[in-house]
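Here's target24.txt, which has compact mmCIF, C-alpha atoms:
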# COMPACT_ATOMS: atom_id res chain seq x y z
CA MET A 1 2.50 25.52 -84.47
CA ASN A 2 5.86 25.08 -86.19
CA LEU A 3 8.05 22.01 -85.76
CA LYS A 4 10.56 23.77 -83.49
CA ASN A 5 7.89 24.78 -80.97
CA LYS A 6 6.34 21.33 -81.11
CA ALA A 7 9.70 19.70 -80.40
CA ALA A 8 10.34 22.08 -77.48
CA ILE A 9 6.93 21.30 -75.98
CA ALA A 10 7.49 17.57 -76.42
CA LEU A 11 10.90 17.87 -74.73
CA GLY A 12 9.40 19.78 -71.79
CA LEU A 13 6.57 17.29 -71.37
CA ARG A 14 8.97 14.35 -71.62
CA TRP A 15 11.16 15.81 -68.88
CA LEU A 16 8.11 16.56 -66.74
CA LEU A 17 6.89 12.97 -67.07
CA GLY A 18 10.41 11.68 -66.34
CA ILE A 19 10.74 13.77 -63.19
CA VAL A 20 7.28 12.72 -61.97
CA PHE A 21 8.23 9.06 -62.39
CA ILE A 22 11.61 9.45 -60.67
CA TRP A 23 9.92 11.29 -57.78
CA ALA A 24 7.31 8.53 -57.48
CA ALA A 25 9.98 5.82 -57.57
CA LEU A 26 12.19 7.42 -54.90
CA GLY A 27 9.17 8.01 -52.65
CA LYS A 28 8.38 4.29 -52.77
CA MET A 29 11.99 3.16 -52.38
CA VAL A 30 12.38 5.09 -49.11
CA GLY A 31 9.64 3.02 -47.45
CA PRO A 32 9.16 -0.31 -49.22
CA GLN A 33 7.14 -1.75 -46.32
CA ASP A 34 4.78 1.24 -46.42
CA PHE A 35 4.27 0.73 -50.14
CA LEU A 36 3.45 -2.96 -49.62
CA ALA A 37 0.96 -1.96 -46.91
CA ASN A 38 -0.61 0.46 -49.42
CA LEU A 39 -0.95 -2.36 -51.94
CA TYR A 40 -2.70 -4.56 -49.34
CA GLU A 41 -5.17 -1.74 -48.65
CA TYR A 42 -6.46 -1.97 -52.23
CA GLN A 43 -7.86 -5.42 -51.28
CA LEU A 44 -7.15 -6.82 -54.73
CA PRO A 45 -7.80 -10.54 -55.28
CA LEU A 46 -4.17 -11.22 -56.15
CA PRO A 47 -1.72 -13.74 -54.67
CA GLU A 48 0.60 -12.62 -51.90
CA PHE A 49 3.70 -13.41 -53.95
CA PHE A 50 2.50 -11.24 -56.86
CA LEU A 51 1.82 -8.26 -54.58
CA ARG A 52 5.28 -8.59 -53.06
CA LEU A 53 6.85 -8.82 -56.52
CA VAL A 54 4.99 -5.64 -57.55
CA ALA A 55 6.13 -3.85 -54.39
CA VAL A 56 9.72 -4.91 -55.08
CA SER A 57 9.92 -4.18 -58.80
CA LEU A 58 7.49 -1.31 -59.50
CA PRO A 59 9.66 1.47 -57.97
CA TRP A 60 12.60 0.29 -60.08
CA LEU A 61 10.49 0.13 -63.22
CA GLU A 62 9.35 3.70 -62.57
CA LEU A 63 12.92 4.83 -61.91
CA ILE A 64 14.25 3.21 -65.10
CA CYS A 65 11.36 4.67 -67.14
CA GLY A 66 11.90 8.14 -65.63
CA LEU A 67 15.64 8.11 -66.35
CA SER A 68 15.04 6.72 -69.81
CA LEU A 69 12.65 9.59 -70.56
CA LEU A 70 15.15 12.16 -69.31
CA VAL A 71 17.95 10.87 -71.55
CA ASN A 72 15.55 10.00 -74.41
CA SER A 73 16.65 6.41 -74.65
CA TRP A 74 14.14 3.93 -76.15
CA PRO A 75 11.35 6.55 -76.01
CA GLU A 76 8.66 4.46 -77.73
CA SER A 77 9.25 1.40 -75.54
CA THR A 78 9.44 3.46 -72.35
CA LEU A 79 6.27 5.36 -73.20
CA GLY A 80 4.54 2.08 -74.08
CA VAL A 81 5.45 0.65 -70.66
CA ILE A 82 4.30 3.87 -68.97
CA MET A 83 0.96 3.75 -70.80
CA LEU A 84 0.43 0.15 -69.69
CA MET A 85 1.35 1.06 -66.11
CA MET A 86 -1.06 4.01 -66.19
CA LEU A 87 -3.89 1.77 -67.43
CA VAL A 88 -3.26 -0.60 -64.51
CA PHE A 89 -3.13 2.34 -62.04
CA ILE A 90 -6.35 3.81 -63.48
CA GLY A 91 -8.04 0.42 -63.02
CA ALA A 92 -6.72 0.00 -59.47
CA THR A 93 -7.62 3.50 -58.27
CA GLY A 94 -10.96 3.40 -60.11
CA GLN A 95 -12.07 0.16 -58.46
CA ALA A 96 -10.96 1.47 -55.04
CA TRP A 97 -12.99 4.66 -55.62
CA MET A 98 -16.05 2.70 -56.77
CA ARG A 99 -15.86 0.40 -53.75
CA GLY A 100 -15.59 3.44 -51.47
CA LEU A 101 -12.23 2.48 -49.96
CA GLU A 102 -10.89 5.40 -47.92
CA ILE A 103 -7.21 4.68 -48.55
CA ASP A 104 -4.05 6.45 -49.62
CA CYS A 105 -3.16 5.71 -53.23
CA GLY A 106 0.52 5.13 -52.41
CA CYS A 107 1.54 6.51 -55.82
CA PHE A 108 4.34 8.66 -54.42
CA GLY A 109 5.12 6.53 -51.35
CA THR A 110 6.24 8.68 -48.45
CA ALA A 111 6.69 11.77 -50.67
CA ILE A 112 3.02 12.77 -50.21
CA GLU A 113 1.47 13.32 -46.81
CA LYS A 114 -0.89 10.56 -45.68
CA ASN A 115 -4.66 11.23 -45.55
CA SER A 116 -4.25 14.30 -47.74
CA PHE A 117 -6.39 15.04 -50.81
CA ALA A 118 -3.32 14.70 -53.07
CA GLY A 119 -2.90 11.13 -51.82
CA SER A 120 -6.55 10.10 -52.20
CA VAL A 121 -7.60 7.54 -54.81
CA GLN A 122 -10.05 10.03 -56.36
CA PHE A 123 -7.28 12.53 -57.08
CA ALA A 124 -4.92 9.72 -58.16
CA PHE A 125 -7.53 8.44 -60.65
CA PHE A 126 -7.68 11.78 -62.50
CA ARG A 127 -3.92 12.32 -62.19
CA ASN A 128 -3.32 8.92 -63.78
CA LEU A 129 -5.73 9.79 -66.61
CA ILE A 130 -3.77 12.98 -67.30
CA LEU A 131 -0.43 11.13 -67.17
CA PHE A 132 -1.81 8.49 -69.54
CA GLY A 133 -2.89 11.21 -71.98
CA LEU A 134 0.52 12.83 -71.71
CA ALA A 135 2.31 9.54 -72.40
CA ALA A 136 -0.01 8.78 -75.33
CA TYR A 137 0.66 12.22 -76.85
CA LEU A 138 4.44 11.78 -76.47
CA PHE A 139 4.21 8.26 -77.91
CA SER A 140 2.37 9.40 -81.05
CA ASN A 141 4.72 12.39 -81.33
CA SER A 142 7.77 10.13 -81.07
CA LEU A 143 6.36 7.80 -83.73
CA ALA A 144 5.66 10.72 -86.08
CA THR A 145 9.15 12.18 -85.50
CA SER A 146 10.94 8.91 -86.18
CA GLU A 147 8.76 8.37 -89.28
CA ALA A 148 9.66 11.84 -90.60
CA LYS A 149 13.36 11.14 -90.06
CA GLU A 150 13.25 7.99 -92.23
CA MET B 1 -0.51 2.40 -88.00
CA GLU B 2 1.81 0.72 -90.47
CA ARG B 3 4.74 2.31 -88.70
CA PHE B 4 3.43 1.06 -85.34
CA THR B 5 3.11 -2.57 -86.51
CA LYS B 6 6.59 -2.29 -87.98
CA ILE B 7 8.21 -1.28 -84.68
CA LEU B 8 5.98 -3.40 -82.41
CA PRO B 9 8.44 -6.35 -82.14
CA ARG B 10 11.28 -4.00 -81.20
CA ILE B 11 9.12 -2.16 -78.66
CA SER B 12 7.98 -5.44 -77.09
CA LEU B 13 11.53 -6.69 -76.77
CA GLN B 14 12.78 -3.46 -75.21
CA ALA B 15 9.77 -3.31 -72.85
CA ALA B 16 10.46 -6.88 -71.74
CA PHE B 17 14.09 -5.92 -71.13
CA LEU B 18 13.01 -2.89 -69.03
CA LEU B 19 10.64 -5.06 -66.99
CA GLY B 20 13.27 -7.75 -66.47
CA ALA B 21 15.87 -5.20 -65.39
CA ALA B 22 13.41 -3.63 -62.93
CA ILE B 23 12.52 -7.00 -61.37
CA LEU B 24 16.18 -7.98 -61.08
CA MET B 25 17.21 -4.63 -59.58
CA GLY B 26 14.27 -4.73 -57.19
CA ILE B 27 15.08 -8.23 -55.95
CA ILE B 28 18.77 -7.39 -55.47
CA PHE B 29 18.00 -4.06 -53.72
CA ASN B 30 15.43 -5.62 -51.40
CA SER B 31 17.68 -8.55 -50.49
CA VAL B 32 20.48 -6.14 -49.53
CA ASN B 33 18.27 -3.55 -47.81
CA PRO B 34 17.51 -4.55 -44.17
CA ASN B 35 14.10 -2.81 -44.46
CA GLY B 36 13.39 -4.48 -47.79
CA ILE B 37 10.52 -6.81 -48.62
CA PRO B 38 11.28 -10.54 -48.85
CA LEU B 39 9.48 -12.14 -51.79
CA SER B 40 8.19 -15.02 -49.70
CA PRO B 41 6.14 -14.18 -46.59
CA LYS B 42 8.32 -16.54 -44.50
CA LYS B 43 10.80 -14.82 -42.21
CA ARG B 44 14.33 -14.32 -43.48
CA ALA B 45 17.19 -16.42 -42.20
CA GLY B 46 19.17 -14.63 -39.52
CA VAL B 47 16.43 -12.10 -38.78
CA LEU B 48 15.09 -11.99 -35.26
CA PRO B 49 11.37 -12.78 -34.82
CA GLN B 50 9.08 -9.77 -34.68
CA GLN B 51 8.02 -8.34 -31.35
CA SER B 52 4.62 -9.38 -30.06
CA SER B 53 1.64 -7.17 -30.84
CA PRO B 54 0.54 -4.41 -28.40
CA SER B 55 -2.51 -6.46 -27.33
CA THR B 56 -0.23 -9.34 -26.27
CA ILE B 57 2.02 -6.94 -24.40
CA SER B 58 -0.89 -5.48 -22.46
CA GLN B 59 -2.00 -8.99 -21.47
CA THR B 60 1.39 -10.20 -20.31
CA THR B 61 2.79 -7.15 -18.53
CA SER B 62 1.43 -5.73 -15.33
CA PRO B 63 0.82 -2.01 -14.79
CA LYS B 64 2.74 -2.05 -11.51
CA PRO B 65 5.63 0.22 -12.58
CA GLU B 66 3.19 3.02 -13.49
CA LEU B 67 1.53 2.74 -10.06
CA LYS B 68 4.93 2.96 -8.41
CA ASN B 69 5.65 6.14 -10.34
CA GLU B 70 2.28 7.61 -9.36
CA THR B 71 2.94 6.87 -5.71
CA LYS B 72 6.33 8.49 -5.99
CA ALA B 73 4.84 11.57 -7.62
CA VAL B 74 2.18 11.90 -4.94
CA THR B 75 4.82 11.57 -2.25
CA LEU B 76 6.96 14.23 -3.85
CA ILE B 77 4.05 16.65 -4.19
CA ARG B 78 3.01 16.05 -0.61
CA GLY B 79 6.54 16.45 0.54
CA SER B 80 6.91 19.73 -1.31
CA SER B 81 3.54 21.03 -0.03
CA ASP B 82 4.48 20.03 3.52
CA LYS B 83 7.64 22.02 3.21
CA GLU B 84 5.72 25.01 1.92
CA ASP B 85 3.22 24.78 4.78
CA GLU B 86 5.97 24.84 7.36
CA PRO B 87 6.17 28.19 9.15
CA GLU B 88 9.27 30.17 8.33
CA LYS B 89 11.77 30.43 11.11
Rewrite the coordinates I just gave you, this time as structure tokens.
Amino acid sequence: MNLKNKAAIALGLRWLLGIVFIWAALGKMVGPQDFLANLYEYQLPLPEFFLRLVAVSLPWLELICGLSLLVNSWPESTLGVIMLMMLVFIGATGQAWMRGLEIDCGCFGTAIEKNSFAGSVQFAFFRNLILFGLAAYLFSNSLATSEAKE
Amino acid sequence: MERFTKILPRISLQAAFLLGAAILMGIIFNSVNPNGIPLSPKKRAGVLPQQSSPSTISQTTSPKPELKNETKAVTLIRGSSDKEDEPEK
């Protein structure tokens, strides 16, 4: 694969990841109370204040990361944050799946129909794994590109 | 790997900035939005207390209005059937 094709693929994947994150952020922003209710359903042993802070700030973090990916601003930092977020999501959905919690993942807020397979924690677990892999590929690609430029 | 360790401080700083901006924006947006989430579970100043739960409502209210409606409906049906039964003049 030549460099031009590789760059085009990386651009396409970066835009795809950016759009997915913007979609997820807007879905959560439409119904913040629903998203907080989704977080409670995970039954995580975390303080109330922390869960509320996550419900308040996570959609904005996703929106900023999505926009940053679209305009290619701070790509390494953004992809690093996305990879960390994905690891947390993988852990959260994985523990819910292992405990047999029949809940909606809440990843896309009101954008995905409730009680559908696309909103289940099982599907979300594998989707998060794929998104993590995508972010990791783009991160390594961005590092290699910036190294080649220097 | 060498490249990664070289840019790690810059990445950390930018990531902290992104996180800080997201928290700030989230707090501002949720304080302005009437459907937003307050950070503390206490009720907001100036917001009316929430309505009582459905179980409380069922205990405190009587089902009399529904009965009245049923009676009315029965009367109406009877009335209409009576009219139908009447021989045509």
Any idea what's packed within 10 Å of Phe35 in chain A, counting only C-alpha atoms, ignoring anything in its chain fewer than 2 positions away? Could you give it as a CSV table (one decimal) with C-alpha atoms, keeping the file's coordinate frame?
chain,number,residue,atom,x,y,z
A,27,GLY,CA,9.2,8.0,-52.6
A,28,LYS,CA,8.4,4.3,-52.8
A,29,MET,CA,12.0,3.2,-52.4
A,30,VAL,CA,12.4,5.1,-49.1
A,31,GLY,CA,9.6,3.0,-47.4
A,32,PRO,CA,9.2,-0.3,-49.2
A,33,GLN,CA,7.1,-1.8,-46.3
A,37,ALA,CA,1.0,-2.0,-46.9
A,38,ASN,CA,-0.6,0.5,-49.4
A,39,LEU,CA,-1.0,-2.4,-51.9
A,40,TYR,CA,-2.7,-4.6,-49.3
A,41,GLU,CA,-5.2,-1.7,-48.6
A,52,ARG,CA,5.3,-8.6,-53.1
A,54,VAL,CA,5.0,-5.6,-57.6
A,55,ALA,CA,6.1,-3.8,-54.4
A,56,VAL,CA,9.7,-4.9,-55.1
A,59,PRO,CA,9.7,1.5,-58.0
A,105,CYS,CA,-3.2,5.7,-53.2
A,106,GLY,CA,0.5,5.1,-52.4
A,107,CYS,CA,1.5,6.5,-55.8
A,108,PHE,CA,4.3,8.7,-54.4
A,109,GLY,CA,5.1,6.5,-51.4
A,110,THR,CA,6.2,8.7,-48.4
B,37,ILE,CA,10.5,-6.8,-48.6
What are the nearest atom pairs, with distances in Å to one decimal, for all residues of chain A that come at most 12 Å from chain B, using only C-alpha atoms, set out by chain and rising residue number as a Markdown table?
| residue | atom | partner | partner_atom | distance |
| --- | --- | --- | --- | --- |
| A:Ala25 | CA | B:Ala22 | CA | 11.4 |
| A:Lys28 | CA | B:Gly36 | CA | 11.3 |
| A:Met29 | CA | B:Gly36 | CA | 9.0 |
| A:Val30 | CA | B:Asn35 | CA | 9.3 |
| A:Gly31 | CA | B:Asn35 | CA | 7.9 |
| A:Pro32 | CA | B:Gly36 | CA | 6.1 |
| A:Gln33 | CA | B:Ile37 | CA | 6.5 |
| A:Asp34 | CA | B:Ile37 | CA | 10.1 |
| A:Phe35 | CA | B:Ile37 | CA | 9.9 |
| A:Leu36 | CA | B:Ile37 | CA | 8.1 |
| A:Ala37 | CA | B:Ile37 | CA | 10.9 |
| A:Pro47 | CA | B:Ser40 | CA | 11.2 |
| A:Glu48 | CA | B:Pro41 | CA | 7.8 |
| A:Phe49 | CA | B:Leu39 | CA | 6.3 |
| A:Phe50 | CA | B:Leu39 | CA | 8.7 |
| A:Leu51 | CA | B:Leu39 | CA | 9.0 |
| A:Arg52 | CA | B:Leu39 | CA | 5.6 |
| A:Leu53 | CA | B:Leu39 | CA | 6.3 |
| A:Val54 | CA | B:Ile23 | CA | 8.6 |
| A:Ala55 | CA | B:Ile37 | CA | 7.8 |
| A:Val56 | CA | B:Gly26 | CA | 5.0 |
| A:Ser57 | CA | B:Ile23 | CA | 4.6 |
| A:Leu58 | CA | B:Ala22 | CA | 7.2 |
| A:Pro59 | CA | B:Gly26 | CA | 7.8 |
| A:Trp60 | CA | B:Ala22 | CA | 4.9 |
| A:Leu61 | CA | B:Ala22 | CA | 4.8 |
| A:Glu62 | CA | B:Ala22 | CA | 8.4 |
| A:Leu63 | CA | B:Ala22 | CA | 8.5 |
| A:Ile64 | CA | B:Ala22 | CA | 7.2 |
| A:Cys65 | CA | B:Leu18 | CA | 8.0 |
| A:Gly66 | CA | B:Leu18 | CA | 11.6 |
| A:Leu67 | CA | B:Leu18 | CA | 11.6 |
| A:Ser68 | CA | B:Leu18 | CA | 9.9 |
| A:Ser73 | CA | B:Gln14 | CA | 10.6 |
| A:Trp74 | CA | B:Gln14 | CA | 7.6 |
| A:Pro75 | CA | B:Ile11 | CA | 9.4 |
| A:Glu76 | CA | B:Ile11 | CA | 6.7 |
| A:Ser77 | CA | B:Ile11 | CA | 4.7 |
| A:Thr78 | CA | B:Ala15 | CA | 6.8 |
| A:Leu79 | CA | B:Ala15 | CA | 9.4 |
| A:Gly80 | CA | B:Ala15 | CA | 7.6 |
| A:Val81 | CA | B:Ala15 | CA | 6.3 |
| A:Ile82 | CA | B:Ala15 | CA | 9.8 |
| A:Met83 | CA | B:Ala15 | CA | 11.5 |
| A:Leu84 | CA | B:Ala15 | CA | 10.4 |
| A:Met85 | CA | B:Leu19 | CA | 11.2 |
| A:Phe139 | CA | B:Phe4 | CA | 10.4 |
| A:Ser140 | CA | B:Phe4 | CA | 9.4 |
| A:Ser142 | CA | B:Phe4 | CA | 10.9 |
| A:Leu143 | CA | B:Phe4 | CA | 7.5 |
| A:Ala144 | CA | B:Arg3 | CA | 8.9 |
| A:Thr145 | CA | B:Arg3 | CA | 11.3 |
| A:Ser146 | CA | B:Arg3 | CA | 9.4 |
| A:Glu147 | CA | B:Arg3 | CA | 7.3 |
| A:Ala148 | CA | B:Arg3 | CA | 10.9 |
| A:Glu150 | CA | B:Arg3 | CA | 10.8 |
Could you name the residues that touch Phe89 in chain A at 9 Å or less, counting all atoms listed in the file, but leaving out those on the same chain fewer than 2 positions away, as a JSON list (two decimals) with C-alpha atoms, in the frame of the given file?
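Writing the result to part_12.json gives the following:
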[["chain", "number", "residue", "atom", "x", "y", "z"],
["A", 84, "LEU", "CA", 0.43, 0.15, -69.69],
["A", 85, "MET", "CA", 1.35, 1.06, -66.11],
["A", 86, "MET", "CA", -1.06, 4.01, -66.19],
["A", 87, "LEU", "CA", -3.89, 1.77, -67.43],
["A", 91, "GLY", "CA", -8.04, 0.42, -63.02],
["A", 92, "ALA", "CA", -6.72, 0.00, -59.47],
["A", 93, "THR", "CA", -7.62, 3.50, -58.27],
["A", 94, "GLY", "CA", -10.96, 3.40, -60.11],
["A", 107, "CYS", "CA", 1.54, 6.51, -55.82],
["A", 124, "ALA", "CA", -4.92, 9.72, -58.16],
["A", 125, "PHE", "CA", -7.53, 8.44, -60.65],
["A", 128, "ASN", "CA", -3.32, 8.92, -63.78]]
* So how many Å separate CA of Ala10 in chain A and CA of Tyr137 in chain A, to one decimal? -> 8.7 Å
* State, in Å with one decimal place, the distance from CA of Ser120 in chain A to CA of Leu70 in chain A. =>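 If I compute the distance from CA of Ser120 in chain A to CA of Leu70 in chain A, I get 27.7 Å.
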* Nearest to Val71 in chain A by atom-to-atom distance, counting all atoms listed in the file, from A:Lys4, A:Arg14, A:Lys149, A:Lys114 ->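 Among the listed residues, the smallest separation from Val71 in chain A belongs to A:Arg14.
For the pair CA of Asp104 in chain A and CA of Pro45 in chain A, the interatomic distance is 18.3 Å.
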If the box runs along x, y and z of the file and leaves 8 Å on each side of range 119-136 of chain A, what are its centre and edge lengths in Å, one decimal, as AutoDock Vina command-line options?
--center_x -3.9 --center_y 10.3 --center_z -63.6 --size_x 28.4 --size_y 21.4 --size_z 39.5
